[in-house]
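Student: Below is the file target00.cif, with mmCIF, C-alpha atoms.
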data_structure
loop_
_atom_site.group_PDB
_atom_site.id
_atom_site.type_symbol
_atom_site.label_atom_id
_atom_site.label_comp_id
_atom_site.auth_asym_id
_atom_site.auth_seq_id
_atom_site.Cartn_x
_atom_site.Cartn_y
_atom_site.Cartn_z
ATOM 1 C CA MET A 190 0.000 0.000 0.000
ATOM 2 C CA ALA A 191 1.902 3.056 -1.256
ATOM 3 C CA HIS A 192 -0.468 5.979 -0.677
ATOM 4 C CA CYS A 193 -3.566 5.716 1.483
ATOM 5 C CA ILE A 194 -6.599 7.578 0.077
ATOM 6 C CA VAL A 195 -9.684 8.038 2.259
ATOM 7 C CA PRO A 196 -12.621 9.195 0.068
ATOM 8 C CA GLU A 197 -14.537 10.712 3.007
ATOM 9 C CA ALA A 198 -11.490 12.798 3.948
ATOM 10 C CA GLU A 199 -10.945 13.868 0.344
ATOM 11 C CA GLU A 200 -14.474 15.290 0.273
ATOM 12 C CA ILE A 201 -13.809 17.746 3.124
ATOM 13 C CA LEU A 202 -10.291 18.874 2.204
ATOM 14 C CA ASP A 203 -10.025 22.668 2.396
ATOM 15 C CA LYS A 204 -13.639 23.004 3.568
ATOM 16 C CA GLU A 205 -14.218 25.549 6.351
ATOM 17 C CA PHE A 206 -16.060 24.359 9.443
ATOM 18 C CA LYS A 207 -17.209 27.367 11.433
ATOM 19 C CA VAL A 208 -16.360 27.622 15.137
ATOM 20 C CA LEU A 209 -17.406 30.419 17.529
ATOM 21 C CA ASP A 210 -18.380 33.742 15.947
ATOM 22 C CA LYS A 211 -15.523 34.237 13.481
ATOM 23 C CA GLY A 212 -13.330 31.124 13.739
ATOM 24 C CA PHE A 213 -12.996 28.012 11.612
ATOM 25 C CA VAL A 214 -11.165 24.720 11.167
ATOM 26 C CA ARG A 215 -10.020 23.371 7.784
ATOM 27 C CA LEU A 216 -8.412 20.033 7.010
ATOM 28 C CA VAL A 217 -5.535 21.069 4.742
ATOM 29 C CA ASP A 218 -3.943 17.653 4.276
ATOM 30 C CA TYR A 219 -3.736 14.179 5.770
ATOM 31 C CA MET A 220 -1.453 11.187 5.508
ATOM 32 C CA GLY A 221 -2.894 7.739 6.074
ATOM 33 C CA GLY A 222 -6.069 6.466 7.720
ATOM 34 C CA ASP A 223 -7.339 3.323 9.413
ATOM 35 C CA ALA A 224 -5.777 1.202 6.667
ATOM 36 C CA ARG A 225 -2.351 2.695 7.345
ATOM 37 C CA ILE A 226 -2.668 1.890 11.074
ATOM 38 C CA VAL A 227 -3.601 -1.706 10.302
ATOM 39 C CA GLN A 228 -0.768 -2.007 7.783
ATOM 40 C CA ALA A 229 1.744 -0.642 10.288
ATOM 41 C CA ALA A 230 0.554 -3.111 12.916
ATOM 42 C CA ARG A 231 0.618 -6.045 10.474
ATOM 43 C CA VAL A 232 3.913 -5.271 8.783
ATOM 44 C CA SER A 233 4.214 -8.813 7.459
ATOM 45 C CA TYR A 234 0.836 -8.775 5.680
ATOM 46 C CA GLY A 235 -0.231 -7.204 2.435
ATOM 47 C CA ALA A 236 -3.323 -5.067 1.934
ATOM 48 C CA GLY A 237 -6.672 -6.826 1.746
ATOM 49 C CA THR A 238 -5.824 -9.801 3.923
ATOM 50 C CA LYS A 239 -8.341 -8.885 6.626
ATOM 51 C CA THR A 240 -11.977 -7.770 6.792
ATOM 52 C CA VAL A 241 -13.192 -4.395 8.050
ATOM 53 C CA ARG A 242 -14.516 -6.113 11.156
ATOM 54 C CA GLU A 243 -11.132 -7.664 11.871
ATOM 55 C CA ASP A 244 -9.424 -4.321 11.183
ATOM 56 C CA ALA A 245 -11.754 -2.658 13.694
ATOM 57 C CA GLY A 246 -10.942 -5.361 16.218
ATOM 58 C CA LEU A 247 -7.213 -4.864 15.744
ATOM 59 C CA ILE A 248 -7.468 -1.090 16.066
ATOM 60 C CA ASP A 249 -9.568 -1.481 19.204
ATOM 61 C CA TYR A 250 -7.012 -3.908 20.647
ATOM 62 C CA LEU A 251 -4.138 -1.517 19.916
ATOM 63 C CA LEU A 252 -5.891 1.450 21.508
ATOM 64 C CA ARG A 253 -7.151 -0.517 24.503
ATOM 65 C CA ASN A 254 -3.669 -1.796 25.267
ATOM 66 C CA GLN A 255 -1.898 1.493 24.515
ATOM 67 C CA HIS A 256 0.109 0.201 21.554
ATOM 68 C CA THR A 257 0.367 3.725 20.223
ATOM 69 C CA SER A 258 3.062 3.703 17.516
ATOM 70 C CA PRO A 259 0.775 2.527 14.649
ATOM 71 C CA PHE A 260 -1.454 5.571 15.256
ATOM 72 C CA GLU A 261 1.542 7.852 14.809
ATOM 73 C CA GLN A 262 1.631 6.734 11.157
ATOM 74 C CA VAL A 263 -1.437 8.897 10.482
ATOM 75 C CA VAL A 264 -0.876 12.661 10.318
ATOM 76 C CA LEU A 265 -3.429 15.473 9.921
ATOM 77 C CA THR A 266 -2.711 19.104 9.017
ATOM 78 C CA PHE A 267 -5.244 21.784 9.962
ATOM 79 C CA HIS A 268 -5.667 25.479 9.215
ATOM 80 C CA ILE A 269 -7.344 27.001 12.263
ATOM 81 C CA LYS A 270 -8.625 30.497 12.989
ATOM 82 C CA LEU A 271 -9.069 31.029 16.721
ATOM 83 C CA PRO A 272 -8.834 33.666 19.465
ATOM 84 C CA ILE A 273 -5.364 34.141 20.948
ATOM 85 C CA PHE A 274 -6.478 33.016 24.413
ATOM 86 C CA ILE A 275 -7.449 29.641 22.920
ATOM 87 C CA ALA A 276 -4.225 29.466 20.886
ATOM 88 C CA ARG A 277 -2.272 29.863 24.130
ATOM 89 C CA GLN A 278 -3.988 26.767 25.512
ATOM 90 C CA TRP A 279 -3.470 24.973 22.199
ATOM 91 C CA VAL A 280 0.283 25.526 22.125
ATOM 92 C CA ARG A 281 0.597 23.595 25.379
ATOM 93 C CA HIS A 282 0.326 20.447 23.269
ATOM 94 C CA ARG A 283 3.984 20.328 22.332
ATOM 95 C CA THR A 284 3.803 17.026 20.456
ATOM 96 C CA ALA A 285 2.445 18.782 17.363
ATOM 97 C CA ARG A 286 3.944 21.244 14.887
ATOM 98 C CA MET A 287 2.564 24.776 14.651
ATOM 99 C CA ASN A 288 3.038 27.897 12.546
ATOM 100 C CA GLU A 289 1.160 31.062 13.475
ATOM 101 C CA ILE A 290 0.504 34.296 11.611
ATOM 102 C CA SER A 291 3.035 36.894 12.726
ATOM 103 C CA GLY A 292 2.078 40.344 13.935
ATOM 104 C CA ARG A 293 5.682 41.383 13.234
ATOM 105 C CA TYR A 294 5.174 40.966 9.480
ATOM 106 C CA SER A 295 1.424 41.355 9.015
ATOM 107 C CA VAL A 296 -1.099 43.973 10.071
ATOM 108 C CA MET A 297 -3.555 42.134 12.296
ATOM 109 C CA GLN A 298 -7.198 42.204 11.230
ATOM 110 C CA ASN A 299 -9.935 43.884 13.245
ATOM 111 C CA GLU A 300 -11.476 40.580 14.316
ATOM 112 C CA PHE A 301 -12.187 39.809 17.960
ATOM 113 C CA TYR A 302 -14.083 37.092 19.758
ATOM 114 C CA LEU A 303 -17.254 38.197 21.503
ATOM 115 C CA PRO A 304 -19.034 35.433 23.437
ATOM 116 C CA ALA A 305 -22.612 34.486 22.666
ATOM 117 C CA ASP A 306 -25.185 35.517 25.268
ATOM 118 C CA GLU A 307 -25.471 31.984 26.628
ATOM 119 C CA ASP A 308 -21.712 31.810 27.202
ATOM 120 C CA VAL A 309 -21.561 34.828 29.514
ATOM 121 C CA SER A 310 -21.297 33.445 33.048
ATOM 122 C CA ILE A 311 -19.985 34.404 36.459
ATOM 123 C CA GLN A 312 -16.943 32.821 38.093
ATOM 124 C CA SER A 313 -17.566 29.376 39.577
ATOM 125 C CA ALA A 314 -17.502 29.282 43.377
ATOM 126 C CA ASP A 315 -15.833 25.855 43.532
ATOM 127 C CA ASN A 316 -13.763 25.831 40.326
ATOM 128 C CA LYS A 317 -11.004 28.429 40.316
ATOM 129 C CA GLN A 318 -10.417 28.119 36.571
ATOM 130 C CA GLY A 319 -13.972 27.865 35.276
ATOM 131 C CA ARG A 320 -17.334 29.527 34.923
ATOM 132 C CA SER A 321 -20.525 28.844 36.829
ATOM 133 C CA THR A 322 -23.659 27.267 35.384
ATOM 134 C CA GLU A 323 -25.745 29.717 37.412
ATOM 135 C CA ALA A 324 -28.074 31.829 35.274
ATOM 136 C CA VAL A 325 -27.328 35.540 34.933
ATOM 137 C CA SER A 326 -29.625 38.424 33.991
ATOM 138 C CA GLN A 327 -29.868 39.765 30.466
ATOM 139 C CA GLU A 328 -28.764 43.122 31.854
ATOM 140 C CA PHE A 329 -25.557 41.519 33.144
ATOM 141 C CA VAL A 330 -24.985 39.880 29.745
ATOM 142 C CA GLY A 331 -25.560 43.149 27.897
ATOM 143 C CA THR A 332 -23.241 45.158 30.133
ATOM 144 C CA THR A 333 -20.525 42.492 29.905
ATOM 145 C CA LYS A 334 -20.574 42.322 26.119
ATOM 146 C CA GLU A 335 -20.701 46.094 25.814
ATOM 147 C CA LEU A 336 -17.577 46.462 27.972
ATOM 148 C CA LEU A 337 -15.766 43.704 26.075
ATOM 149 C CA ALA A 338 -16.623 45.213 22.692
ATOM 150 C CA LYS A 339 -15.641 48.719 23.821
ATOM 151 C CA GLY A 340 -12.259 47.515 25.050
ATOM 152 C CA GLN A 341 -11.636 45.695 21.774
ATOM 153 C CA GLU A 342 -12.562 48.730 19.685
ATOM 154 C CA GLU A 343 -10.323 51.052 21.701
ATOM 155 C CA ALA A 344 -7.379 48.649 21.577
ATOM 156 C CA TYR A 345 -7.634 48.196 17.810
ATOM 157 C CA ALA A 346 -8.060 51.941 17.197
ATOM 158 C CA ALA A 347 -4.853 52.591 19.156
ATOM 159 C CA TYR A 348 -3.086 49.785 17.267
ATOM 160 C CA THR A 349 -4.134 51.246 13.915
ATOM 161 C CA GLN A 350 -2.954 54.709 14.948
ATOM 162 C CA LEU A 351 0.431 53.329 16.019
ATOM 163 C CA VAL A 352 0.879 51.357 12.772
ATOM 164 C CA GLU A 353 -0.051 54.379 10.663
ATOM 165 C CA SER A 354 2.397 56.535 12.627
ATOM 166 C CA GLY A 355 5.199 54.345 11.322
ATOM 167 C CA LEU A 356 5.854 52.496 14.589
ATOM 168 C CA ALA A 357 7.286 49.021 14.074
ATOM 169 C CA ARG A 358 4.496 46.451 13.860
ATOM 170 C CA GLU A 359 6.172 44.265 16.460
ATOM 171 C CA ILE A 360 5.757 47.111 18.981
ATOM 172 C CA ALA A 361 2.357 48.332 17.824
ATOM 173 C CA ARG A 362 0.787 44.921 18.425
ATOM 174 C CA ILE A 363 1.722 44.547 22.099
ATOM 175 C CA ASN A 364 -1.476 46.063 23.534
ATOM 176 C CA LEU A 365 -3.842 43.970 21.433
ATOM 177 C CA PRO A 366 -6.091 41.810 23.670
ATOM 178 C CA LEU A 367 -6.324 38.027 23.924
ATOM 179 C CA ALA A 368 -9.713 38.128 22.177
ATOM 180 C CA LEU A 369 -7.983 38.965 18.867
ATOM 181 C CA TYR A 370 -8.266 36.211 16.263
ATOM 182 C CA THR A 371 -5.094 34.592 15.016
ATOM 183 C CA GLU A 372 -4.480 31.814 12.481
ATOM 184 C CA ILE A 373 -2.319 28.720 12.743
ATOM 185 C CA TYR A 374 -1.299 25.733 10.681
ATOM 186 C CA TRP A 375 -1.287 22.781 13.067
ATOM 187 C CA GLN A 376 0.030 19.336 12.181
ATOM 188 C CA CYS A 377 -0.400 16.396 14.541
ATOM 189 C CA ASP A 378 -0.191 12.612 14.336
ATOM 190 C CA LEU A 379 -3.326 10.700 15.269
ATOM 191 C CA HIS A 380 -1.964 9.327 18.548
ATOM 192 C CA ASN A 381 -1.221 12.803 19.901
ATOM 193 C CA LEU A 382 -4.384 14.200 18.348
ATOM 194 C CA MET A 383 -6.420 11.745 20.411
ATOM 195 C CA HIS A 384 -4.586 12.903 23.536
ATOM 196 C CA PHE A 385 -5.470 16.497 22.602
ATOM 197 C CA LEU A 386 -9.116 15.510 22.147
ATOM 198 C CA LYS A 387 -9.214 13.583 25.429
ATOM 199 C CA LEU A 388 -8.168 16.714 27.313
ATOM 200 C CA ARG A 389 -9.971 19.361 25.289
ATOM 201 C CA LEU A 390 -13.322 17.565 25.026
ATOM 202 C CA ASP A 391 -13.416 16.983 28.764
ATOM 203 C CA GLY A 392 -16.053 18.921 30.674
ATOM 204 C CA HIS A 393 -13.338 20.695 32.682
ATOM 205 C CA ALA A 394 -11.820 22.272 29.564
ATOM 206 C CA GLN A 395 -12.843 25.806 28.613
ATOM 207 C CA LYS A 396 -16.046 25.838 26.593
ATOM 208 C CA GLU A 397 -14.509 27.654 23.629
ATOM 209 C CA ILE A 398 -11.711 25.137 23.117
ATOM 210 C CA ARG A 399 -14.241 22.301 23.504
ATOM 211 C CA ASP A 400 -16.084 23.811 20.540
ATOM 212 C CA TYR A 401 -12.921 23.478 18.443
ATOM 213 C CA GLY A 402 -12.341 19.983 19.810
ATOM 214 C CA LYS A 403 -15.784 18.834 18.677
ATOM 215 C CA VAL A 404 -15.145 19.997 15.111
ATOM 216 C CA ILE A 405 -11.689 18.406 14.995
ATOM 217 C CA LEU A 406 -13.133 15.141 16.314
ATOM 218 C CA GLU A 407 -15.597 14.989 13.409
ATOM 219 C CA ILE A 408 -12.870 15.831 10.888
ATOM 220 C CA ALA A 409 -10.645 13.092 12.334
ATOM 221 C CA ARG A 410 -13.602 10.705 12.053
ATOM 222 C CA LYS A 411 -13.601 11.277 8.288
ATOM 223 C CA VAL A 412 -9.916 10.329 8.127
ATOM 224 C CA ALA A 413 -9.958 7.349 10.494
ATOM 225 C CA PRO A 414 -13.523 6.341 11.472
ATOM 226 C CA LEU A 415 -12.608 2.999 13.086
ATOM 227 C CA THR A 416 -9.970 4.658 15.250
ATOM 228 C CA ILE A 417 -12.240 7.482 16.360
ATOM 229 C CA ALA A 418 -15.011 5.019 17.249
ATOM 230 C CA SER A 419 -12.511 3.117 19.405
ATOM 231 C CA PHE A 420 -11.252 6.372 20.920
ATOM 232 C CA GLU A 421 -14.764 7.393 21.920
ATOM 233 C CA ASN A 422 -15.492 4.018 23.512
ATOM 234 C CA ASN A 423 -12.193 3.369 25.267
ATOM 235 C CA ILE A 424 -10.868 6.840 26.065
ATOM 236 C CA GLN A 425 -13.375 9.668 25.752
ATOM 237 C CA LYS A 426 -16.225 7.773 27.410
ATOM 238 C CA GLY A 427 -13.984 5.664 29.626
ATOM 239 C CA VAL A 428 -12.869 6.252 33.223
ATOM 240 C CA SER A 429 -9.630 5.025 34.811
ATOM 241 C CA PHE A 430 -9.419 3.830 38.418
ATOM 242 C CA SER A 431 -6.506 3.674 40.842
ATOM 243 C CA GLY A 432 -5.498 0.446 42.568
ATOM 244 C CA GLU A 433 -7.384 1.440 45.726
ATOM 245 C CA GLU A 434 -10.474 2.280 43.707
ATOM 246 C CA LEU A 435 -10.381 -1.084 41.939
ATOM 247 C CA GLU A 436 -10.221 -2.791 45.333
ATOM 248 C CA ALA A 437 -13.229 -0.756 46.403
ATOM 249 C CA LEU A 438 -15.107 -1.773 43.238
ATOM 250 C CA ARG A 439 -14.285 -5.410 43.915
ATOM 251 C CA ALA A 440 -15.508 -5.102 47.507
ATOM 252 C CA VAL A 441 -18.784 -3.488 46.480
ATOM 253 C CA MET A 442 -19.380 -6.136 43.785
ATOM 254 C CA GLU A 443 -18.857 -8.827 46.421
ATOM 255 C CA GLY A 444 -21.427 -7.188 48.688
ATOM 256 C CA LYS A 445 -18.863 -5.874 51.142
ATOM 257 C CA GLU A 446 -18.548 -2.391 52.627
ATOM 258 C CA ASN A 447 -16.718 0.191 50.554
ATOM 259 C CA PRO A 448 -13.306 0.649 52.242
ATOM 260 C CA LEU A 449 -12.847 4.193 50.937
ATOM 261 C CA SER A 450 -13.745 7.263 52.972
ATOM 262 C CA GLY A 451 -13.305 11.032 52.985
ATOM 263 C CA LYS A 452 -11.769 12.622 49.888
ATOM 264 C CA LYS A 453 -10.901 9.226 48.395
ATOM 265 C CA LEU A 454 -14.553 8.208 48.510
ATOM 266 C CA GLU A 455 -15.590 11.556 47.002
ATOM 267 C CA ARG A 456 -13.168 11.108 44.086
ATOM 268 C CA PHE A 457 -14.285 7.511 43.587
ATOM 269 C CA THR A 458 -17.962 8.474 43.563
ATOM 270 C CA ALA A 459 -17.280 11.359 41.183
ATOM 271 C CA LYS A 460 -15.584 8.962 38.745
ATOM 272 C CA LEU A 461 -18.555 6.604 38.828
ATOM 273 C CA GLU A 462 -20.955 9.501 38.209
ATOM 274 C CA GLN A 463 -18.713 10.810 35.437
ATOM 275 C CA GLY A 464 -18.743 7.409 33.748
ATOM 276 C CA ILE A 465 -22.541 7.266 33.904
ATOM 277 C CA GLN A 466 -22.870 10.790 32.481
ATOM 278 C CA LYS A 467 -20.522 9.967 29.600
#
Please render this file's structure as structure tokens.
Tutor:
Amino acid sequence: MAHCIVPEAEEILDKEFKVLDKGFVRLVDYMGGDARIVQAARVSYGAGTKTVREDAGLIDYLLRNQHTSPFEQVVLTFHIKLPIFIARQWVRHRTARMNEISGRYSVMQNEFYLPADEDVSIQSADNKQGRSTEAVSQEFVGTTKELLAKGQEEAYAAYTQLVESGLAREIARINLPLALYTEIYWQCDLHNLMHFLKLRLDGHAQKEIRDYGKVILEIARKVAPLTIASFENNIQKGVSFSGEELEALRAVMEGKENPLSGKKLERFTAKLEQGIQK
């Protein structure tokens, strides 16, 4: 098998999938698919020696048992437009390759992220890095968005004035806010892409990056549907337990008293509830 063509992936190449108010994700290129993973795992076999069902079984076995190298044979390249504050979370995934538009060479566009009404929330009381699910008044939403928009307009007006004055672009850009949209080319192998999706589709991730994660998941499904189905079953919808928690599960299944207490019991119960919700 010299070059792996996936018809479903070919159909969406270069197609924009909208995210947030002004963002998008495009699949620019891909290398390999499920067939490439199977071929890499069965290096001594030729193409067509197994059925789709057997291929799915092999892929599921590999993912379940963390035999990750065959998944690294598949590579996806994306063009992504996203707010800078999301790009700063994105770049934490250092196992991918990224190129970003440069404000040193280019004049940045007047494009800023403004959250939808339903995404305006107060700070969570028990989650220091997240928002609350508590409802807020429409007046609060309106005031919030007005202040955000005003700050964005003032920052960009000052930026434009500085650029037009002849100031170096690399200096003029420094006061632009995190809501400014940027663009990146992001290339990642499928193994590390699944790790990205595991973290960024989790309910604890920021809502805006989850929106991008959902789109990327569906694009990856076009490239490697058997792998993504296995990922959803074994990783995204799965829950891992510690040794103590497994002992507790065993005790409960045998009709014995749960040996866990305090914070350990809280974490154990939360995992069980999380698994049910997934």
Student: Suppose a student applies the PyMOL selection byres ((chain A and resi 329-346) around 12) to this structure; what residues should they get, written as a PyMOL selection string?
Tutor: chain A and resi 296-311+324-328+347-353+361-370
Student: Those same residues, written as a PDB file, in the frame of the given file with C-alpha atoms?
Tutor:
ATOM      1  CA  VAL A 296      -1.099  43.973  10.071  1.00  0.00           C
ATOM      2  CA  MET A 297      -3.555  42.134  12.296  1.00  0.00           C
ATOM      3  CA  GLN A 298      -7.198  42.204  11.230  1.00  0.00           C
ATOM      4  CA  ASN A 299      -9.935  43.884  13.245  1.00  0.00           C
ATOM      5  CA  GLU A 300     -11.476  40.580  14.316  1.00  0.00           C
ATOM      6  CA  PHE A 301     -12.187  39.809  17.960  1.00  0.00           C
ATOM      7  CA  TYR A 302     -14.083  37.092  19.758  1.00  0.00           C
ATOM      8  CA  LEU A 303     -17.254  38.197  21.503  1.00  0.00           C
ATOM      9  CA  PRO A 304     -19.034  35.433  23.437  1.00  0.00           C
ATOM     10  CA  ALA A 305     -22.612  34.486  22.666  1.00  0.00           C
ATOM     11  CA  ASP A 306     -25.185  35.517  25.268  1.00  0.00           C
ATOM     12  CA  GLU A 307     -25.471  31.984  26.628  1.00  0.00           C
ATOM     13  CA  ASP A 308     -21.712  31.810  27.202  1.00  0.00           C
ATOM     14  CA  VAL A 309     -21.561  34.828  29.514  1.00  0.00           C
ATOM     15  CA  SER A 310     -21.297  33.445  33.048  1.00  0.00           C
ATOM     16  CA  ILE A 311     -19.985  34.404  36.459  1.00  0.00           C
ATOM     17  CA  ALA A 324     -28.074  31.829  35.274  1.00  0.00           C
ATOM     18  CA  VAL A 325     -27.328  35.540  34.933  1.00  0.00           C
ATOM     19  CA  SER A 326     -29.625  38.424  33.991  1.00  0.00           C
ATOM     20  CA  GLN A 327     -29.868  39.765  30.466  1.00  0.00           C
ATOM     21  CA  GLU A 328     -28.764  43.122  31.854  1.00  0.00           C
ATOM     22  CA  ALA A 347      -4.853  52.591  19.156  1.00  0.00           C
ATOM     23  CA  TYR A 348      -3.086  49.785  17.267  1.00  0.00           C
ATOM     24  CA  THR A 349      -4.134  51.246  13.915  1.00  0.00           C
ATOM     25  CA  GLN A 350      -2.954  54.709  14.948  1.00  0.00           C
ATOM     26  CA  LEU A 351       0.431  53.329  16.019  1.00  0.00           C
ATOM     27  CA  VAL A 352       0.879  51.357  12.772  1.00  0.00           C
ATOM     28  CA  GLU A 353      -0.051  54.379  10.663  1.00  0.00           C
ATOM     29  CA  ALA A 361       2.357  48.332  17.824  1.00  0.00           C
ATOM     30  CA  ARG A 362       0.787  44.921  18.425  1.00  0.00           C
ATOM     31  CA  ILE A 363       1.722  44.547  22.099  1.00  0.00           C
ATOM     32  CA  ASN A 364      -1.476  46.063  23.534  1.00  0.00           C
ATOM     33  CA  LEU A 365      -3.842  43.970  21.433  1.00  0.00           C
ATOM     34  CA  PRO A 366      -6.091  41.810  23.670  1.00  0.00           C
ATOM     35  CA  LEU A 367      -6.324  38.027  23.924  1.00  0.00           C
ATOM     36  CA  ALA A 368      -9.713  38.128  22.177  1.00  0.00           C
ATOM     37  CA  LEU A 369      -7.983  38.965  18.867  1.00  0.00           C
ATOM     38  CA  TYR A 370      -8.266  36.211  16.263  1.00  0.00           C
TER      39      TYR A 370
END
Student: Taking a cut-off of 12 Å and counting all atoms listed in the file, can you build a table that, for each residue of range 344-446 of chain A near range 270-284 of chain A, reports the nearest atom pair and how far apart they are in Å (one decimal), sorted by chain then residue number, as CSV?
Tutor:
residue,atom,partner,partner_atom,distance
A:Leu365,CA,A:Ile273,CA,10.0
A:Pro366,CA,A:Ile273,CA,8.2
A:Leu367,CA,A:Ile273,CA,5.0
A:Ala368,CA,A:Pro272,CA,5.3
A:Leu369,CA,A:Pro272,CA,5.4
A:Tyr370,CA,A:Pro272,CA,4.1
A:Thr371,CA,A:Leu271,CA,5.6
A:Glu372,CA,A:Lys270,CA,4.4
A:Ile373,CA,A:Lys270,CA,6.6
A:Tyr374,CA,A:Lys270,CA,9.0
A:Trp375,CA,A:Val280,CA,9.6
A:Gln376,CA,A:Thr284,CA,9.4
A:Cys377,CA,A:Thr284,CA,7.3
A:Asp378,CA,A:Thr284,CA,8.5
A:Leu379,CA,A:Thr284,CA,10.9
A:His380,CA,A:Thr284,CA,9.8
A:Asn381,CA,A:Thr284,CA,6.6
A:Leu382,CA,A:Thr284,CA,8.9
A:Met383,CA,A:His282,CA,11.4
A:His384,CA,A:His282,CA,9.0
A:Phe385,CA,A:His282,CA,7.0
A:Leu386,CA,A:His282,CA,10.7
A:Lys387,CA,A:His282,CA,11.9
A:Leu388,CA,A:His282,CA,10.1
A:Arg389,CA,A:Trp279,CA,9.1
A:Ala394,CA,A:Gln278,CA,9.9
A:Gln395,CA,A:Ile275,CA,8.7
A:Lys396,CA,A:Ile275,CA,10.1
A:Glu397,CA,A:Ile275,CA,7.4
A:Ile398,CA,A:Ile275,CA,6.2
A:Arg399,CA,A:Ile275,CA,10.0
A:Asp400,CA,A:Ile275,CA,10.7
A:Tyr401,CA,A:Leu271,CA,8.6
A:Gly402,CA,A:Trp279,CA,10.5
Student: Run the PyMOL selection byres ((chain A and resi 208-222) around 7) mentally over the shown coordinates, then write out the matched residues as a list of chain:residue names, using the chain letters and numbers from the document.
Tutor: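 Selection result, ordered by chain and number: A:Cys193, A:Val195, A:Leu202, A:Asp203, A:Lys204, A:Glu205, A:Phe206, A:Lys207, A:Asp223, A:Ala224, A:Arg225, A:Ile226, A:Gln262, A:Val263, A:Val264, A:Leu265, A:Thr266, A:Phe267, A:His268, A:Ile269, A:Lys270, A:Leu271, A:Tyr302, A:Asp400, A:Tyr401, A:Val412, A:Ala413.
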Student: How many Å lie between CA of Ile201 in chain A and CA of Ser419 in chain A, rounded to one decimal?
Tutor: 21.9 Å
Student: Just to confirm, what's the straight-line distance from CA of Leu449 in chain A to CA of Asp391 in chain A in Å (one decimal)?
Tutor: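 Value for the CA of Leu449 in chain A-CA of Asp391 in chain A distance: 25.6 Å.
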Student: Can you spell out as a count of residues only the set of residues that the PyMOL selection byres ((chain A and resi 427-430) around 10) selects in the structure I just provided?
Tutor: 23
Student: Just range 297-312 of chain A, please, as a tab-separated table (two decimals), in the first residue's frame (only N, CA and C atoms).
Tutor:
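Output contents, as saved in selection_10.tsv:
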chain	number	residue	atom	x	y	z
A	297	MET	N	-2.50	43.00	11.78
A	297	MET	CA	-3.56	42.13	12.30
A	297	MET	C	-4.93	42.70	11.94
A	298	GLN	N	-5.86	41.80	11.64
A	298	GLN	CA	-7.20	42.20	11.23
A	298	GLN	C	-8.05	42.60	12.44
A	299	ASN	N	-9.03	43.43	12.19
A	299	ASN	CA	-9.94	43.88	13.25
A	299	ASN	C	-11.01	42.83	13.49
A	300	GLU	N	-10.57	41.69	14.05
A	300	GLU	CA	-11.48	40.58	14.32
A	300	GLU	C	-11.24	40.08	15.74
A	301	PHE	N	-12.28	40.19	16.56
A	301	PHE	CA	-12.19	39.81	17.96
A	301	PHE	C	-13.33	38.87	18.32
A	302	TYR	N	-13.05	38.00	19.27
A	302	TYR	CA	-14.08	37.09	19.76
A	302	TYR	C	-14.98	37.81	20.77
A	303	LEU	N	-16.26	37.70	20.55
A	303	LEU	CA	-17.25	38.20	21.50
A	303	LEU	C	-18.18	37.03	21.83
A	304	PRO	N	-18.25	36.62	23.10
A	304	PRO	CA	-19.03	35.43	23.44
A	304	PRO	C	-20.52	35.60	23.15
A	305	ALA	N	-21.16	34.49	22.83
A	305	ALA	CA	-22.61	34.49	22.67
A	305	ALA	C	-23.26	34.73	24.03
A	306	ASP	N	-24.49	35.19	24.02
A	306	ASP	CA	-25.19	35.52	25.27
A	306	ASP	C	-25.15	34.36	26.25
A	307	GLU	N	-25.39	33.15	25.74
A	307	GLU	CA	-25.47	31.98	26.63
A	307	GLU	C	-24.13	31.58	27.22
A	308	ASP	N	-23.05	32.16	26.70
A	308	ASP	CA	-21.71	31.81	27.20
A	308	ASP	C	-21.18	32.83	28.21
A	309	VAL	N	-21.96	33.84	28.51
A	309	VAL	CA	-21.56	34.83	29.51
A	309	VAL	C	-21.99	34.31	30.88
A	310	SER	N	-21.01	34.03	31.74
A	310	SER	CA	-21.30	33.45	33.05
A	310	SER	C	-20.40	34.07	34.10
A	311	ILE	N	-20.80	33.92	35.36
A	311	ILE	CA	-19.98	34.40	36.46
A	311	ILE	C	-18.95	33.35	36.84
A	312	GLN	N	-17.98	33.74	37.64
A	312	GLN	CA	-16.94	32.82	38.09
A	312	GLN	C	-17.55	31.73	38.97
